[in-house]
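S.K.: Structure file input-v3.pdb (PDB, C-alpha atoms) is given on the next line.
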```pdb
ATOM      1  CA  MET A   1       0.000   0.000   0.000
ATOM      2  CA  ILE A   2       2.749   2.474   0.942
ATOM      3  CA  LYS A   3       4.748   1.546  -2.163
ATOM      4  CA  THR A   4       1.692   2.145  -4.358
ATOM      5  CA  ALA A   5       0.995   5.517  -2.733
ATOM      6  CA  ARG A   6       4.649   6.523  -3.120
ATOM      7  CA  MET A   7       4.580   5.559  -6.815
ATOM      8  CA  MET A   8       1.389   7.571  -7.347
ATOM      9  CA  LEU A   9       2.950  10.620  -5.728
ATOM     10  CA  THR A  10       6.096  10.190  -7.806
ATOM     11  CA  CYS A  11       3.980   9.884 -10.966
ATOM     12  CA  HIS A  12       2.155  13.066 -10.044
ATOM     13  CA  TRP A  13       5.430  14.874  -9.274
ATOM     14  CA  SER A  14       7.003  13.650 -12.518
ATOM     15  CA  ALA A  15       3.967  14.461 -14.660
ATOM     16  CA  ARG A  16       4.054  18.069 -13.477
ATOM     17  CA  ARG A  17       7.696  18.364 -14.612
ATOM     18  CA  LEU A  18       7.840  16.072 -17.635
ATOM     19  CA  GLN A  19       7.302  18.756 -20.292
ATOM     20  CA  ARG A  20       9.948  20.985 -18.712
ATOM     21  CA  TYR A  21      12.306  17.988 -18.647
ATOM     22  CA  LEU A  22      11.723  17.239 -22.329
ATOM     23  CA  ASP A  23      11.934  20.878 -23.431
ATOM     24  CA  ALA A  24      15.120  21.570 -21.444
ATOM     25  CA  ASP A  25      13.945  25.195 -21.399
ATOM     26  CA  PRO A  26      16.517  27.395 -19.660
ATOM     27  CA  ALA A  27      13.730  29.732 -18.517
ATOM     28  CA  ALA A  28      12.058  26.860 -16.634
ATOM     29  CA  HIS A  29      14.992  24.587 -15.936
ATOM     30  CA  LEU A  30      15.033  21.652 -13.573
ATOM     31  CA  ASP A  31      17.879  21.291 -11.137
ATOM     32  CA  PRO A  32      20.140  18.212 -11.484
ATOM     33  CA  PHE A  33      18.370  16.434  -8.596
ATOM     34  CA  GLU A  34      14.993  16.834 -10.342
ATOM     35  CA  VAL A  35      16.430  15.556 -13.626
ATOM     36  CA  ARG A  36      17.882  12.468 -11.919
ATOM     37  CA  ARG A  37      14.608  11.870 -10.078
ATOM     38  CA  ILE A  38      12.532  12.038 -13.271
ATOM     39  CA  GLU A  39      14.970   9.806 -15.155
ATOM     40  CA  ALA A  40      14.931   7.253 -12.329
ATOM     41  CA  HIS A  41      11.135   7.292 -12.303
ATOM     42  CA  LEU A  42      10.891   6.921 -16.087
ATOM     43  CA  ALA A  43      13.159   3.881 -15.828
ATOM     44  CA  VAL A  44      10.588   2.043 -13.675
ATOM     45  CA  CYS A  45       7.189   3.492 -14.617
ATOM     46  CA  ALA A  46       5.647   2.310 -17.880
ATOM     47  CA  ARG A  47       2.767   4.797 -17.630
ATOM     48  CA  CYS A  48       5.046   7.819 -17.354
ATOM     49  CA  ARG A  49       7.333   6.429 -20.085
ATOM     50  CA  ALA A  50       4.269   6.200 -22.341
ATOM     51  CA  ALA A  51       3.466   9.843 -21.557
ATOM     52  CA  GLU A  52       7.073  10.774 -22.357
ATOM     53  CA  ASP A  53       6.827   8.930 -25.681
ATOM     54  CA  GLU A  54       3.552  10.670 -26.493
ATOM     55  CA  PHE A  55       5.048  14.096 -25.735
ATOM     56  CA  ARG A  56       8.021  13.281 -27.980
ATOM     57  CA  GLN A  57       5.701  12.194 -30.810
ATOM     58  CA  ILE A  58       3.647  15.379 -30.485
ATOM     59  CA  ASP A  59       6.816  17.472 -30.445
ATOM     60  CA  GLY A  60       8.058  15.736 -33.592
ATOM     61  CA  ALA A  61       4.730  16.205 -35.353
ATOM     62  CA  LEU A  62       4.636  19.886 -34.449
ATOM     63  CA  ALA A  63       8.220  20.347 -35.645
ATOM     64  CA  ARG A  64       7.305  18.838 -39.024
ATOM     65  CA  TRP A  65       4.051  20.799 -39.200
ATOM     66  CA  THR A  66       5.702  24.194 -38.804
ATOM     67  CA  VAL A  67       7.916  23.625 -41.844
ATOM     68  CA  ARG A  68       5.678  24.963 -44.576
ATOM     69  CA  THR A  69       6.160  25.977 -48.141
ATOM     70  CA  MET A  70       4.429  29.035 -49.452
ATOM     71  CA  PRO A  71       1.759  28.446 -52.102
ATOM     72  CA  ASP A  72       2.641  29.654 -55.556
ATOM     73  CA  ALA A  73       1.532  33.148 -56.518
ATOM     74  CA  THR A  74      -0.847  31.885 -59.207
ATOM     75  CA  SER A  75      -2.814  29.800 -56.699
ATOM     76  CA  VAL A  76      -3.013  32.707 -54.260
ATOM     77  CA  GLU A  77      -4.263  35.052 -56.991
ATOM     78  CA  HIS A  78      -6.827  32.491 -58.155
ATOM     79  CA  ALA A  79      -8.156  32.070 -54.597
ATOM     80  CA  ARG A  80      -8.254  35.850 -54.070
ATOM     81  CA  LYS A  81     -10.254  36.374 -57.274
ATOM     82  CA  PHE A  82     -12.658  33.586 -56.328
ATOM     83  CA  VAL A  83     -13.273  35.121 -52.886
ATOM     84  CA  ASP A  84     -13.792  38.527 -54.507
ATOM     85  CA  ARG A  85     -16.395  37.063 -56.909
ATOM     86  CA  LEU A  86     -18.003  35.146 -54.041
ATOM     87  CA  THR A  87     -18.386  38.251 -51.870
ATOM     88  CA  ARG A  88     -19.849  40.200 -54.799
ATOM     89  CA  GLY A  89     -22.289  37.369 -55.564
ATOM     90  CA  ASP A  90     -20.824  36.945 -59.058
ATOM     91  CA  LEU A  91     -20.135  33.216 -59.449
ATOM     92  CA  THR A  92     -20.657  33.011 -63.202
TER      93      THR A  92
END
```
Translate the structure described by the file into structure tokens.

M.R.:
Amino acid sequence: MIKTARMMLTCHWSARRLQRYLDADPAAHLDPFEVRRIEAHLAVCARCRAAEDEFRQIDGALARWTVRTMPDATSVEHARKFVDRLTRGDLT
């Protein structure tokens, strides 16, 4: 019972710091003790490791999503003209 309660508290503590740990943001840094504590917890807790993996997947997806190419000028002009005709009610 005590071991289960301790694990739950450690999960809660780790969950509140996991994003900061993964980001390694200097503005919201973790001290070396906190880093070691999270890493030790992740080594034994499958649930928190799954959360870590999910955060990493989201981070990767967002990193790929922000790399965009600009549409070509012809497409932009075509869309602008269509919206202009649409707002005037002239769709012929």

S.K.: Name the residues that the PyMOL selection byres ((chain A and resi 12-17) around 10) picks from the file above, as a list of chain:residue names, using the file's chain letters and numbers.

M.R.: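 Applied to this file, the PyMOL selection byres ((chain A and resi 12-17) around 10) selects A:Arg6, A:Met7, A:Met8, A:Leu9, A:Thr10, A:Cys11, A:Leu18, A:Gln19, A:Arg20, A:Tyr21, A:Leu22, A:Ala28, A:His29, A:Leu30, A:Glu34, A:Val35, A:Arg37, A:Ile38, A:Glu39, A:His41, A:Leu42, A:Cys48, A:Ala51, A:Glu52.
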
S.K.: Please, could you write that set of residues out with C-alpha atoms as a PDB file, keeping the file's coordinate frame?

M.R.:
```pdb
ATOM      1  CA  ARG A   6       4.649   6.523  -3.120  1.00  0.00           C
ATOM      2  CA  MET A   7       4.580   5.559  -6.815  1.00  0.00           C
ATOM      3  CA  MET A   8       1.389   7.571  -7.347  1.00  0.00           C
ATOM      4  CA  LEU A   9       2.950  10.620  -5.728  1.00  0.00           C
ATOM      5  CA  THR A  10       6.096  10.190  -7.806  1.00  0.00           C
ATOM      6  CA  CYS A  11       3.980   9.884 -10.966  1.00  0.00           C
ATOM      7  CA  LEU A  18       7.840  16.072 -17.635  1.00  0.00           C
ATOM      8  CA  GLN A  19       7.302  18.756 -20.292  1.00  0.00           C
ATOM      9  CA  ARG A  20       9.948  20.985 -18.712  1.00  0.00           C
ATOM     10  CA  TYR A  21      12.306  17.988 -18.647  1.00  0.00           C
ATOM     11  CA  LEU A  22      11.723  17.239 -22.329  1.00  0.00           C
ATOM     12  CA  ALA A  28      12.058  26.860 -16.634  1.00  0.00           C
ATOM     13  CA  HIS A  29      14.992  24.587 -15.936  1.00  0.00           C
ATOM     14  CA  LEU A  30      15.033  21.652 -13.573  1.00  0.00           C
ATOM     15  CA  GLU A  34      14.993  16.834 -10.342  1.00  0.00           C
ATOM     16  CA  VAL A  35      16.430  15.556 -13.626  1.00  0.00           C
ATOM     17  CA  ARG A  37      14.608  11.870 -10.078  1.00  0.00           C
ATOM     18  CA  ILE A  38      12.532  12.038 -13.271  1.00  0.00           C
ATOM     19  CA  GLU A  39      14.970   9.806 -15.155  1.00  0.00           C
ATOM     20  CA  HIS A  41      11.135   7.292 -12.303  1.00  0.00           C
ATOM     21  CA  LEU A  42      10.891   6.921 -16.087  1.00  0.00           C
ATOM     22  CA  CYS A  48       5.046   7.819 -17.354  1.00  0.00           C
ATOM     23  CA  ALA A  51       3.466   9.843 -21.557  1.00  0.00           C
ATOM     24  CA  GLU A  52       7.073  10.774 -22.357  1.00  0.00           C
TER      25      GLU A  52
END
```

S.K.: Can you work out the spacing between atom CA of Asp23 of chain A and atom CA of Ala61 of chain A in Å, to one decimal?

M.R.: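 Rounded to one decimal, the two atoms are 14.7 Å apart.
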
S.K.: Can you measure atom CA of Phe55 of chain A to atom CA of Arg36 of chain A for me? One decimal in Å is fine.

M.R.: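 Distance reported for this atom pair: 18.9 Å.
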
S.K.: Just how far from atom CA of Asp59 of chain A is atom CA of Ala24 of chain A, in Å to one decimal?

M.R.: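 For atom CA of Ala24 of chain A relative to atom CA of Asp59 of chain A, the distance reads 12.9 Å.
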